[in-house]
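Participant: model33.pdb is reproduced below (PDB, C-alpha atoms, pLDDT in the B column).
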```pdb
ATOM      1  CA  MET A   1       0.000   0.000   0.000  1.00 42.00           C
ATOM      2  CA  PRO A   2       1.671   3.280  -1.091  1.00 44.00           C
ATOM      3  CA  GLY A   3       2.604   5.583   1.753  1.00 41.00           C
ATOM      4  CA  THR A   4       2.244   2.876   4.411  1.00 41.00           C
ATOM      5  CA  GLU A   5       5.923   2.993   5.350  1.00 40.00           C
ATOM      6  CA  LEU A   6       5.865   6.723   6.000  1.00 38.00           C
ATOM      7  CA  THR A   7       2.602   6.693   7.927  1.00 44.00           C
ATOM      8  CA  SER A   8       3.665   3.711  10.022  1.00 45.00           C
ATOM      9  CA  ALA A   9       7.081   5.214  10.739  1.00 43.00           C
ATOM     10  CA  VAL A  10       5.447   8.418  11.989  1.00 43.00           C
ATOM     11  CA  MET A  11       3.129   6.355  14.187  1.00 44.00           C
ATOM     12  CA  LEU A  12       6.062   4.444  15.642  1.00 44.00           C
ATOM     13  CA  ARG A  13       7.969   7.628  16.489  1.00 43.00           C
ATOM     14  CA  ALA A  14       4.923   8.813  18.424  1.00 43.00           C
ATOM     15  CA  CYS A  15       4.674   5.455  20.212  1.00 42.00           C
ATOM     16  CA  ASP A  16       7.758   6.112  22.325  1.00 41.00           C
ATOM     17  CA  MET A  17       5.847   8.742  24.278  1.00 38.00           C
ATOM     18  CA  MET A  18       2.706   6.694  24.972  1.00 38.00           C
ATOM     19  CA  SER A  19       2.153   4.735  28.154  1.00 35.00           C
ATOM     20  CA  ARG A  20       0.330   1.907  26.374  1.00 41.00           C
ATOM     21  CA  THR A  21       0.784   1.521  22.692  1.00 44.00           C
ATOM     22  CA  GLN A  22      -1.518  -0.202  20.288  1.00 46.00           C
ATOM     23  CA  LEU A  23      -0.263  -0.312  16.768  1.00 46.00           C
ATOM     24  CA  ALA A  24      -2.556  -1.501  14.019  1.00 45.00           C
ATOM     25  CA  CYS A  25      -0.982  -1.601  10.601  1.00 46.00           C
ATOM     26  CA  CYS A  26      -1.969  -2.494   7.121  1.00 42.00           C
ATOM     27  CA  CYS A  27       1.301  -3.565   5.633  1.00 45.00           C
ATOM     28  CA  ASP A  28       2.898  -6.002   3.271  1.00 46.00           C
ATOM     29  CA  VAL A  29       6.368  -7.535   3.431  1.00 46.00           C
ATOM     30  CA  ILE A  30       7.990  -4.348   2.083  1.00 44.00           C
ATOM     31  CA  SER A  31       6.492  -2.047   4.703  1.00 53.00           C
ATOM     32  CA  LEU A  32       7.055  -4.682   7.394  1.00 51.00           C
ATOM     33  CA  ARG A  33      10.751  -4.503   6.565  1.00 52.00           C
ATOM     34  CA  ALA A  34      10.606  -0.735   7.051  1.00 59.00           C
ATOM     35  CA  LEU A  35       8.804  -1.052  10.394  1.00 59.00           C
ATOM     36  CA  ALA A  36      10.748  -3.955  11.872  1.00 55.00           C
ATOM     37  CA  PRO A  37      13.916  -2.059  12.880  1.00 60.00           C
ATOM     38  CA  ARG A  38      11.789   0.328  14.941  1.00 60.00           C
ATOM     39  CA  PHE A  39      10.052  -2.341  17.084  1.00 58.00           C
ATOM     40  CA  PRO A  40      12.880  -2.901  19.598  1.00 56.00           C
ATOM     41  CA  ALA A  41      13.106   0.834  20.311  1.00 57.00           C
ATOM     42  CA  LEU A  42       9.662   0.896  21.871  1.00 54.00           C
ATOM     43  CA  SER A  43      10.282   1.163  25.573  1.00 49.00           C
ATOM     44  CA  LEU A  44       6.843   0.428  26.999  1.00 51.00           C
ATOM     45  CA  SER A  45       4.435  -2.488  27.005  1.00 60.00           C
ATOM     46  CA  TRP A  46       2.606  -2.532  23.720  1.00 75.00           C
ATOM     47  CA  CYS A  47       0.293  -4.333  21.352  1.00 81.00           C
ATOM     48  CA  LEU A  48       0.968  -5.137  17.710  1.00 81.00           C
ATOM     49  CA  ARG A  49      -1.980  -5.943  15.452  1.00 84.00           C
ATOM     50  CA  LEU A  50      -1.229  -7.030  11.902  1.00 84.00           C
ATOM     51  CA  LEU A  51      -4.579  -8.455  10.810  1.00 83.00           C
ATOM     52  CA  SER A  52      -5.201  -9.787   7.301  1.00 86.00           C
ATOM     53  CA  THR A  53      -2.072  -8.194   5.882  1.00 83.00           C
ATOM     54  CA  GLN A  54      -0.974 -11.259   3.916  1.00 84.00           C
ATOM     55  CA  ILE A  55       2.539 -11.276   5.302  1.00 86.00           C
ATOM     56  CA  ARG A  56       2.859 -14.971   4.307  1.00 89.00           C
ATOM     57  CA  PRO A  57       5.842 -17.164   5.322  1.00 91.00           C
ATOM     58  CA  GLU A  58       8.512 -14.709   4.130  1.00 88.00           C
ATOM     59  CA  GLY A  59       6.916 -11.856   6.074  1.00 88.00           C
ATOM     60  CA  ALA A  60       6.547 -14.076   9.133  1.00 91.00           C
ATOM     61  CA  ALA A  61      10.306 -14.641   9.131  1.00 89.00           C
ATOM     62  CA  LYS A  62      10.946 -10.886   9.068  1.00 86.00           C
ATOM     63  CA  LEU A  63       8.330 -10.309  11.761  1.00 88.00           C
ATOM     64  CA  ALA A  64       9.919 -13.019  13.919  1.00 91.00           C
ATOM     65  CA  GLY A  65      13.276 -11.267  13.681  1.00 87.00           C
ATOM     66  CA  ALA A  66      11.767  -8.025  14.920  1.00 83.00           C
ATOM     67  CA  VAL A  67       9.515  -9.597  17.560  1.00 85.00           C
ATOM     68  CA  ALA A  68      12.493 -11.470  19.018  1.00 86.00           C
ATOM     69  CA  GLU A  69      13.915  -8.120  20.131  1.00 78.00           C
ATOM     70  CA  CYS A  70      10.655  -6.819  21.606  1.00 79.00           C
ATOM     71  CA  LYS A  71      10.979  -7.729  25.242  1.00 77.00           C
ATOM     72  CA  LEU A  72       7.917  -5.691  26.237  1.00 82.00           C
ATOM     73  CA  LEU A  73       5.464  -6.883  23.599  1.00 86.00           C
ATOM     74  CA  ALA A  74       2.299  -7.735  25.555  1.00 91.00           C
ATOM     75  CA  HIS A  75      -0.208  -8.533  22.787  1.00 92.00           C
ATOM     76  CA  LEU A  76       0.552  -9.927  19.348  1.00 93.00           C
ATOM     77  CA  ASN A  77      -2.319 -10.351  16.906  1.00 94.00           C
ATOM     78  CA  VAL A  78      -1.305 -11.652  13.490  1.00 94.00           C
ATOM     79  CA  ALA A  79      -4.565 -13.361  12.541  1.00 96.00           C
ATOM     80  CA  ALA A  80      -5.413 -14.167   8.921  1.00 95.00           C
ATOM     81  CA  ASN A  81      -1.990 -13.610   7.399  1.00 92.00           C
ATOM     82  CA  TRP A  82      -1.458 -16.859   5.464  1.00 92.00           C
ATOM     83  CA  MET A  83       1.770 -17.613   7.345  1.00 95.00           C
ATOM     84  CA  GLY A  84       1.433 -21.340   6.825  1.00 96.00           C
ATOM     85  CA  GLN A  85       3.302 -23.971   8.765  1.00 97.00           C
ATOM     86  CA  GLU A  86       6.719 -22.676   7.762  1.00 96.00           C
ATOM     87  CA  GLY A  87       6.096 -19.072   8.818  1.00 96.00           C
ATOM     88  CA  ALA A  88       4.355 -20.117  12.031  1.00 97.00           C
ATOM     89  CA  CYS A  89       7.265 -22.348  13.050  1.00 97.00           C
ATOM     90  CA  VAL A  90       9.701 -19.450  12.653  1.00 97.00           C
ATOM     91  CA  LEU A  91       7.485 -17.018  14.581  1.00 97.00           C
ATOM     92  CA  PHE A  92       6.756 -19.512  17.367  1.00 98.00           C
ATOM     93  CA  GLY A  93      10.479 -20.118  17.825  1.00 97.00           C
ATOM     94  CA  VAL A  94      11.089 -16.559  19.048  1.00 96.00           C
ATOM     95  CA  LEU A  95       8.071 -16.218  21.351  1.00 96.00           C
ATOM     96  CA  PRO A  96       9.891 -17.210  24.572  1.00 96.00           C
ATOM     97  CA  ARG A  97      12.062 -14.105  24.153  1.00 94.00           C
ATOM     98  CA  CYS A  98       8.949 -11.921  24.543  1.00 93.00           C
ATOM     99  CA  LYS A  99       8.794 -12.066  28.338  1.00 92.00           C
ATOM    100  CA  ALA A 100       5.823  -9.675  28.578  1.00 93.00           C
ATOM    101  CA  LEU A 101       3.630 -11.555  26.076  1.00 95.00           C
ATOM    102  CA  ARG A 102       0.143 -12.104  27.537  1.00 96.00           C
ATOM    103  CA  ARG A 103      -2.067 -12.517  24.451  1.00 97.00           C
ATOM    104  CA  LEU A 104      -1.280 -14.260  21.172  1.00 98.00           C
ATOM    105  CA  ASN A 105      -3.693 -14.503  18.249  1.00 97.00           C
ATOM    106  CA  VAL A 106      -2.444 -16.500  15.279  1.00 97.00           C
ATOM    107  CA  GLY A 107      -5.883 -17.598  14.115  1.00 97.00           C
ATOM    108  CA  PHE A 108      -6.543 -18.414  10.464  1.00 97.00           C
ATOM    109  CA  ASN A 109      -2.923 -18.775   9.371  1.00 96.00           C
ATOM    110  CA  ARG A 110      -2.868 -22.408   8.192  1.00 97.00           C
ATOM    111  CA  VAL A 111      -0.565 -23.399  11.043  1.00 97.00           C
ATOM    112  CA  GLY A 112      -1.445 -27.098  10.741  1.00 98.00           C
ATOM    113  CA  ASP A 113      -0.132 -29.944  12.866  1.00 98.00           C
ATOM    114  CA  ARG A 114       3.496 -29.014  12.192  1.00 98.00           C
ATOM    115  CA  GLY A 115       2.969 -25.474  13.485  1.00 98.00           C
ATOM    116  CA  ALA A 116       1.018 -26.730  16.510  1.00 98.00           C
ATOM    117  CA  THR A 117       3.872 -29.118  17.305  1.00 98.00           C
ATOM    118  CA  ALA A 118       6.399 -26.266  17.027  1.00 98.00           C
ATOM    119  CA  LEU A 119       4.253 -24.146  19.349  1.00 98.00           C
ATOM    120  CA  SER A 120       4.006 -26.995  21.863  1.00 98.00           C
ATOM    121  CA  GLN A 121       7.814 -27.031  22.093  1.00 98.00           C
ATOM    122  CA  VAL A 122       7.996 -23.371  23.184  1.00 98.00           C
ATOM    123  CA  LEU A 123       4.664 -22.812  24.915  1.00 97.00           C
ATOM    124  CA  PRO A 124       5.859 -23.800  28.421  1.00 97.00           C
ATOM    125  CA  ARG A 125       8.596 -21.133  28.157  1.00 97.00           C
ATOM    126  CA  CYS A 126       5.982 -18.434  27.422  1.00 97.00           C
ATOM    127  CA  ARG A 127       5.342 -18.175  31.128  1.00 94.00           C
ATOM    128  CA  GLY A 128       3.047 -15.140  31.182  1.00 95.00           C
ATOM    129  CA  LEU A 129       0.818 -16.138  28.263  1.00 97.00           C
ATOM    130  CA  GLN A 130      -2.838 -15.958  29.332  1.00 96.00           C
ATOM    131  CA  HIS A 131      -4.778 -16.030  26.048  1.00 97.00           C
ATOM    132  CA  LEU A 132      -3.987 -18.137  22.974  1.00 97.00           C
ATOM    133  CA  ASP A 133      -6.087 -18.060  19.795  1.00 97.00           C
ATOM    134  CA  LEU A 134      -5.366 -20.855  17.322  1.00 97.00           C
ATOM    135  CA  GLY A 135      -8.795 -20.923  15.673  1.00 97.00           C
ATOM    136  CA  GLY A 136      -9.137 -21.841  11.998  1.00 97.00           C
ATOM    137  CA  ASN A 137      -5.628 -23.213  11.545  1.00 98.00           C
ATOM    138  CA  GLN A 138      -6.147 -26.665  10.052  1.00 98.00           C
ATOM    139  CA  ILE A 139      -4.866 -28.289  13.249  1.00 98.00           C
ATOM    140  CA  GLY A 140      -5.810 -31.958  13.502  1.00 98.00           C
ATOM    141  CA  ASP A 141      -5.647 -34.629  16.176  1.00 97.00           C
ATOM    142  CA  LYS A 142      -1.852 -34.928  15.916  1.00 98.00           C
ATOM    143  CA  GLY A 143      -1.256 -31.229  16.585  1.00 98.00           C
ATOM    144  CA  VAL A 144      -3.841 -31.097  19.373  1.00 96.00           C
ATOM    145  CA  LYS A 145      -2.224 -34.068  21.108  1.00 97.00           C
ATOM    146  CA  GLU A 146       1.132 -32.254  21.108  1.00 97.00           C
ATOM    147  CA  LEU A 147      -0.446 -29.085  22.509  1.00 97.00           C
ATOM    148  CA  ALA A 148      -2.351 -31.039  25.152  1.00 95.00           C
ATOM    149  CA  LYS A 149       0.908 -32.533  26.441  1.00 95.00           C
ATOM    150  CA  VAL A 150       2.184 -29.108  27.495  1.00 95.00           C
ATOM    151  CA  LEU A 151      -0.943 -27.169  28.450  1.00 92.00           C
ATOM    152  CA  GLY A 152      -0.673 -28.428  32.029  1.00 89.00           C
ATOM    153  CA  ARG A 153       2.712 -26.710  32.337  1.00 91.00           C
ATOM    154  CA  CYS A 154       1.317 -23.337  31.222  1.00 92.00           C
ATOM    155  CA  ARG A 155       0.294 -22.018  34.626  1.00 89.00           C
ATOM    156  CA  GLU A 156      -1.061 -18.626  33.503  1.00 93.00           C
ATOM    157  CA  LEU A 157      -2.891 -19.792  30.375  1.00 93.00           C
ATOM    158  CA  ALA A 158      -6.614 -19.268  30.980  1.00 92.00           C
ATOM    159  CA  HIS A 159      -8.072 -19.253  27.448  1.00 94.00           C
ATOM    160  CA  VAL A 160      -7.230 -21.435  24.460  1.00 94.00           C
ATOM    161  CA  ASP A 161      -9.293 -21.022  21.289  1.00 95.00           C
ATOM    162  CA  LEU A 162      -9.158 -23.972  18.889  1.00 95.00           C
ATOM    163  CA  HIS A 163     -12.433 -23.457  17.033  1.00 95.00           C
ATOM    164  CA  ALA A 164     -12.724 -24.266  13.312  1.00 96.00           C
ATOM    165  CA  ASN A 165      -9.845 -26.749  13.227  1.00 97.00           C
ATOM    166  CA  TYR A 166      -9.781 -30.387  12.080  1.00 97.00           C
ATOM    167  CA  ILE A 167     -10.061 -31.929  15.542  1.00 96.00           C
ATOM    168  CA  GLY A 168     -11.652 -35.390  15.540  1.00 96.00           C
ATOM    169  CA  ASP A 169     -12.921 -37.604  18.332  1.00 95.00           C
ATOM    170  CA  LYS A 170      -9.417 -38.648  19.427  1.00 95.00           C
ATOM    171  CA  GLY A 171      -8.203 -35.050  19.665  1.00 94.00           C
ATOM    172  CA  ALA A 172     -11.366 -33.980  21.474  1.00 92.00           C
ATOM    173  CA  GLY A 173     -10.857 -36.795  23.987  1.00 92.00           C
ATOM    174  CA  VAL A 174      -7.315 -35.660  24.675  1.00 93.00           C
ATOM    175  CA  LEU A 175      -8.481 -32.069  25.157  1.00 90.00           C
ATOM    176  CA  ALA A 176     -11.183 -33.190  27.581  1.00 87.00           C
ATOM    177  CA  GLY A 177      -8.456 -34.598  29.819  1.00 86.00           C
ATOM    178  CA  VAL A 178      -6.538 -31.328  29.785  1.00 84.00           C
ATOM    179  CA  PHE A 179      -8.884 -29.614  32.233  1.00 73.00           C
ATOM    180  CA  GLU A 180      -7.777 -31.945  35.030  1.00 72.00           C
ATOM    181  CA  SER A 181      -4.137 -30.871  34.771  1.00 72.00           C
ATOM    182  CA  CYS A 182      -4.554 -27.175  33.882  1.00 75.00           C
ATOM    183  CA  GLN A 183      -4.950 -25.058  36.986  1.00 69.00           C
ATOM    184  CA  ALA A 184      -5.670 -21.714  35.301  1.00 74.00           C
ATOM    185  CA  LEU A 185      -7.485 -22.877  32.178  1.00 76.00           C
ATOM    186  CA  VAL A 186     -11.079 -21.680  32.357  1.00 73.00           C
ATOM    187  CA  LEU A 187     -12.062 -21.621  28.699  1.00 68.00           C
ATOM    188  CA  LEU A 188     -11.205 -24.021  25.924  1.00 69.00           C
ATOM    189  CA  ASP A 189     -13.146 -23.100  22.779  1.00 64.00           C
TER
END
```
Would you mind writing the structure in this file as structure tokens?
Facilitator:
Amino acid sequence: MPGTELTSAVMLRACDMMSRTQLACCCDVISLRALAPRFPALSLSWCLRLLSTQIRPEGAAKLAGAVAECKLLAHLNVAANWMGQEGACVLFGVLPRCKALRRLNVGFNRVGDRGATALSQVLPRCRGLQHLDLGGNQIGDKGVKELAKVLGRCRELAHVDLHANYIGDKGAGVLAGVFESCQALVLLD
């Protein structure tokens, strides 16, 4: 989108002076590259919303590089960006570095079982995560089983959204058993 880089850069400069920043951008991979170097400079807890921007796997890799340096990122919403399994795996790999992360929405990104498995490997190290949205990601029984193995170790996680996935009877049975081991989990969609 023409002019996005300039507008977004101006917004980011203003962010340094805000006590709570919410940044909503409409950007593609090119403007994401322009924004990414500015993310680590934000000194306060903030929220990044990149909804339906079609960043795809290559954009997810660039986003992951920037997010890895954002120690105070509290909310990350990258729903409906066509990241796919490859992009999701890269992004999930850096999440433990975001110590302030409380909410993560990666819904409708075609994460699949491979992405869910990658997330299960880092989820216990995302100690402050309270809300996780994985809806509409083509996750099947295999991916759900991997997630279920670690949900009991996520002490702060209170809400997990798995709606509109490919979860069968076996996966649903595994999820039903999760409530017994999850102390904080109050909602499993």
Participant: With only C-alpha atoms as the counted atoms, please give the residues lying no more than 7 Å from A:Ala61, apart from itself and same-chain residues fewer than 6 positions off, as a compact mmCIF listing (two decimals) with C-alpha atoms, in the coordinates of the input.
Facilitator:
```
# COMPACT_ATOMS: atom_id res chain seq x y z
CA GLY A 87 6.10 -19.07 8.82
CA VAL A 90 9.70 -19.45 12.65
CA LEU A 91 7.48 -17.02 14.58
```
Participant: Taking the file as shown, find all residues satisfying the PyMOL selection byres ((chain A and resi 92-101) around 8) and write them as an MDAnalysis selection string.
Facilitator: chainID A and resid 45 64:65 67:76 88:91 102:104 118:119 122:123 125:129
Participant: Centre and edge lengths, as AutoDock Vina command-line options, for the axis-aligned box enclosing every listed atom of stretch 50-64 of chain A with 5 Å of padding on each of the six sides, in Å to one decimal?
Facilitator:
```
--center_x 2.9 --center_y -12.1 --center_z 8.9 --size_x 26.1 --size_y 20.1 --size_z 20.0
```
Participant: Starting from the PyMOL selection byres ((chain A and resi 138-147) around 8), expand the selection into actual residues of this file and give them as a VMD selection string.
Facilitator: chain A and resid 110 to 117 119 to 120 136 to 137 148 to 151 164 to 168 170 to 172 174 to 175
Participant: Please return, as a PyMOL selection string, all polymer residues that have at least one atom within 6 Å of the point (-4.5, -16.5, 29.1); use all atoms listed in the file and the file's own coordinate frame.
Facilitator: chain A and resi 129-131+156-159
Participant: To one decimal place, how far is atom CA of A:Val186 from atom CA of A:Asp133 in Å?
Facilitator: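 Interatomic distance, atom CA of A:Val186 to atom CA of A:Asp133: 14.0 Å.
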Participant: One decimal, in Å: what's the spacing between atom CA of A:Asp169 and atom CA of A:Gly135?
Facilitator: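 Atom CA of A:Gly135 lies at a distance of 17.4 Å from atom CA of A:Asp169.
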Participant: Find the residue from A:Gly59, A:Gln85, A:Arg153, A:Ala66 that sits nearest to A:Ser181; use only C-alpha atoms when measuring.
Facilitator: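 Smallest separation from A:Ser181 among the options: A:Arg153.
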Participant: So how many Å separate atom CA of A:Val106 and atom CA of A:Phe179, to one decimal?
Facilitator: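 We find that atom CA of A:Val106 and atom CA of A:Phe179 lie 22.4 Å from each other.
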Participant: With distances taken over all atoms listed in the file, which residue among A:Leu162, A:Leu185, A:Leu48, A:Met83 lies nearest A:Ala60?
Facilitator: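 Under the stated criterion, the closest residue is A:Met83.
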Participant: Would you fill the gaps in stretch 68-86 of chain A so it has N, CA, C and O atoms, then print it as a PDB file, keeping the file's coordinate frame?
Facilitator:
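Final output, saved to out-v8.pdb:
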```
ATOM      1  N   ALA A  68      11.502 -10.879  18.112  1.00 86.00           N
ATOM      2  CA  ALA A  68      12.493 -11.470  19.018  1.00 86.00           C
ATOM      3  C   ALA A  68      13.188 -10.425  19.873  1.00 86.00           C
ATOM      4  O   ALA A  68      13.652 -10.723  20.972  1.00 86.00           O
ATOM      5  N   GLU A  69      13.252  -9.202  19.396  1.00 78.00           N
ATOM      6  CA  GLU A  69      13.915  -8.120  20.131  1.00 78.00           C
ATOM      7  C   GLU A  69      12.950  -7.300  20.981  1.00 78.00           C
ATOM      8  O   GLU A  69      13.371  -6.397  21.679  1.00 78.00           O
ATOM      9  N   CYS A  70      11.677  -7.611  20.905  1.00 79.00           N
ATOM     10  CA  CYS A  70      10.655  -6.819  21.606  1.00 79.00           C
ATOM     11  C   CYS A  70      10.338  -7.439  22.952  1.00 79.00           C
ATOM     12  O   CYS A  70       9.366  -8.183  23.095  1.00 79.00           O
ATOM     13  N   LYS A  71      11.124  -7.138  23.919  1.00 77.00           N
ATOM     14  CA  LYS A  71      10.979  -7.729  25.242  1.00 77.00           C
ATOM     15  C   LYS A  71       9.674  -7.325  25.926  1.00 77.00           C
ATOM     16  O   LYS A  71       9.185  -8.034  26.788  1.00 77.00           O
ATOM     17  N   LEU A  72       9.111  -6.190  25.563  1.00 82.00           N
ATOM     18  CA  LEU A  72       7.917  -5.691  26.237  1.00 82.00           C
ATOM     19  C   LEU A  72       6.639  -5.829  25.418  1.00 82.00           C
ATOM     20  O   LEU A  72       5.628  -5.230  25.744  1.00 82.00           O
ATOM     21  N   LEU A  73       6.658  -6.642  24.395  1.00 86.00           N
ATOM     22  CA  LEU A  73       5.464  -6.883  23.599  1.00 86.00           C
ATOM     23  C   LEU A  73       4.463  -7.678  24.437  1.00 86.00           C
ATOM     24  O   LEU A  73       4.745  -8.797  24.853  1.00 86.00           O
ATOM     25  N   ALA A  74       3.300  -7.100  24.698  1.00 91.00           N
ATOM     26  CA  ALA A  74       2.299  -7.735  25.555  1.00 91.00           C
ATOM     27  C   ALA A  74       1.235  -8.477  24.753  1.00 91.00           C
ATOM     28  O   ALA A  74       0.756  -9.517  25.178  1.00 91.00           O
ATOM     29  N   HIS A  75       0.834  -7.919  23.620  1.00 92.00           N
ATOM     30  CA  HIS A  75      -0.208  -8.533  22.787  1.00 92.00           C
ATOM     31  C   HIS A  75       0.282  -8.590  21.355  1.00 92.00           C
ATOM     32  O   HIS A  75       0.682  -7.570  20.794  1.00 92.00           O
ATOM     33  N   LEU A  76       0.202  -9.766  20.754  1.00 93.00           N
ATOM     34  CA  LEU A  76       0.552  -9.927  19.348  1.00 93.00           C
ATOM     35  C   LEU A  76      -0.626 -10.572  18.634  1.00 93.00           C
ATOM     36  O   LEU A  76      -1.034 -11.677  18.975  1.00 93.00           O
ATOM     37  N   ASN A  77      -1.182  -9.856  17.673  1.00 94.00           N
ATOM     38  CA  ASN A  77      -2.319 -10.351  16.906  1.00 94.00           C
ATOM     39  C   ASN A  77      -1.935 -10.331  15.436  1.00 94.00           C
ATOM     40  O   ASN A  77      -1.842  -9.273  14.823  1.00 94.00           O
ATOM     41  N   VAL A  78      -1.685 -11.508  14.893  1.00 94.00           N
ATOM     42  CA  VAL A  78      -1.305 -11.652  13.490  1.00 94.00           C
ATOM     43  C   VAL A  78      -2.272 -12.591  12.770  1.00 94.00           C
ATOM     44  O   VAL A  78      -1.880 -13.390  11.926  1.00 94.00           O
ATOM     45  N   ALA A  79      -3.542 -12.485  13.108  1.00 96.00           N
ATOM     46  CA  ALA A  79      -4.565 -13.361  12.541  1.00 96.00           C
ATOM     47  C   ALA A  79      -4.726 -13.118  11.041  1.00 96.00           C
ATOM     48  O   ALA A  79      -4.555 -12.005  10.551  1.00 96.00           O
ATOM     49  N   ALA A  80      -5.053 -14.199  10.346  1.00 95.00           N
ATOM     50  CA  ALA A  80      -5.413 -14.167   8.921  1.00 95.00           C
ATOM     51  C   ALA A  80      -4.317 -13.579   8.036  1.00 95.00           C
ATOM     52  O   ALA A  80      -4.553 -12.688   7.238  1.00 95.00           O
ATOM     53  N   ASN A  81      -3.124 -14.104   8.181  1.00 92.00           N
ATOM     54  CA  ASN A  81      -1.990 -13.610   7.399  1.00 92.00           C
ATOM     55  C   ASN A  81      -1.354 -14.651   6.485  1.00 92.00           C
ATOM     56  O   ASN A  81      -0.310 -14.404   5.907  1.00 92.00           O
ATOM     57  N   TRP A  82      -1.943 -15.818   6.375  1.00 92.00           N
ATOM     58  CA  TRP A  82      -1.458 -16.859   5.464  1.00 92.00           C
ATOM     59  C   TRP A  82      -0.002 -17.222   5.740  1.00 92.00           C
ATOM     60  O   TRP A  82       0.771 -17.450   4.823  1.00 92.00           O
ATOM     61  N   MET A  83       0.391 -17.273   6.994  1.00 95.00           N
ATOM     62  CA  MET A  83       1.770 -17.613   7.345  1.00 95.00           C
ATOM     63  C   MET A  83       2.124 -19.048   6.986  1.00 95.00           C
ATOM     64  O   MET A  83       3.273 -19.340   6.692  1.00 95.00           O
ATOM     65  N   GLY A  84       1.173 -19.938   7.093  1.00 96.00           N
ATOM     66  CA  GLY A  84       1.433 -21.340   6.825  1.00 96.00           C
ATOM     67  C   GLY A  84       2.270 -21.967   7.923  1.00 96.00           C
ATOM     68  O   GLY A  84       2.674 -21.309   8.885  1.00 96.00           O
ATOM     69  N   GLN A  85       2.538 -23.246   7.759  1.00 97.00           N
ATOM     70  CA  GLN A  85       3.302 -23.971   8.765  1.00 97.00           C
ATOM     71  C   GLN A  85       4.727 -23.452   8.883  1.00 97.00           C
ATOM     72  O   GLN A  85       5.256 -23.294   9.981  1.00 97.00           O
ATOM     73  N   GLU A  86       5.333 -23.161   7.766  1.00 96.00           N
ATOM     74  CA  GLU A  86       6.719 -22.676   7.762  1.00 96.00           C
ATOM     75  C   GLU A  86       6.858 -21.351   8.508  1.00 96.00           C
ATOM     76  O   GLU A  86       7.711 -21.196   9.386  1.00 96.00           O
TER      77      GLU A  86
END
```
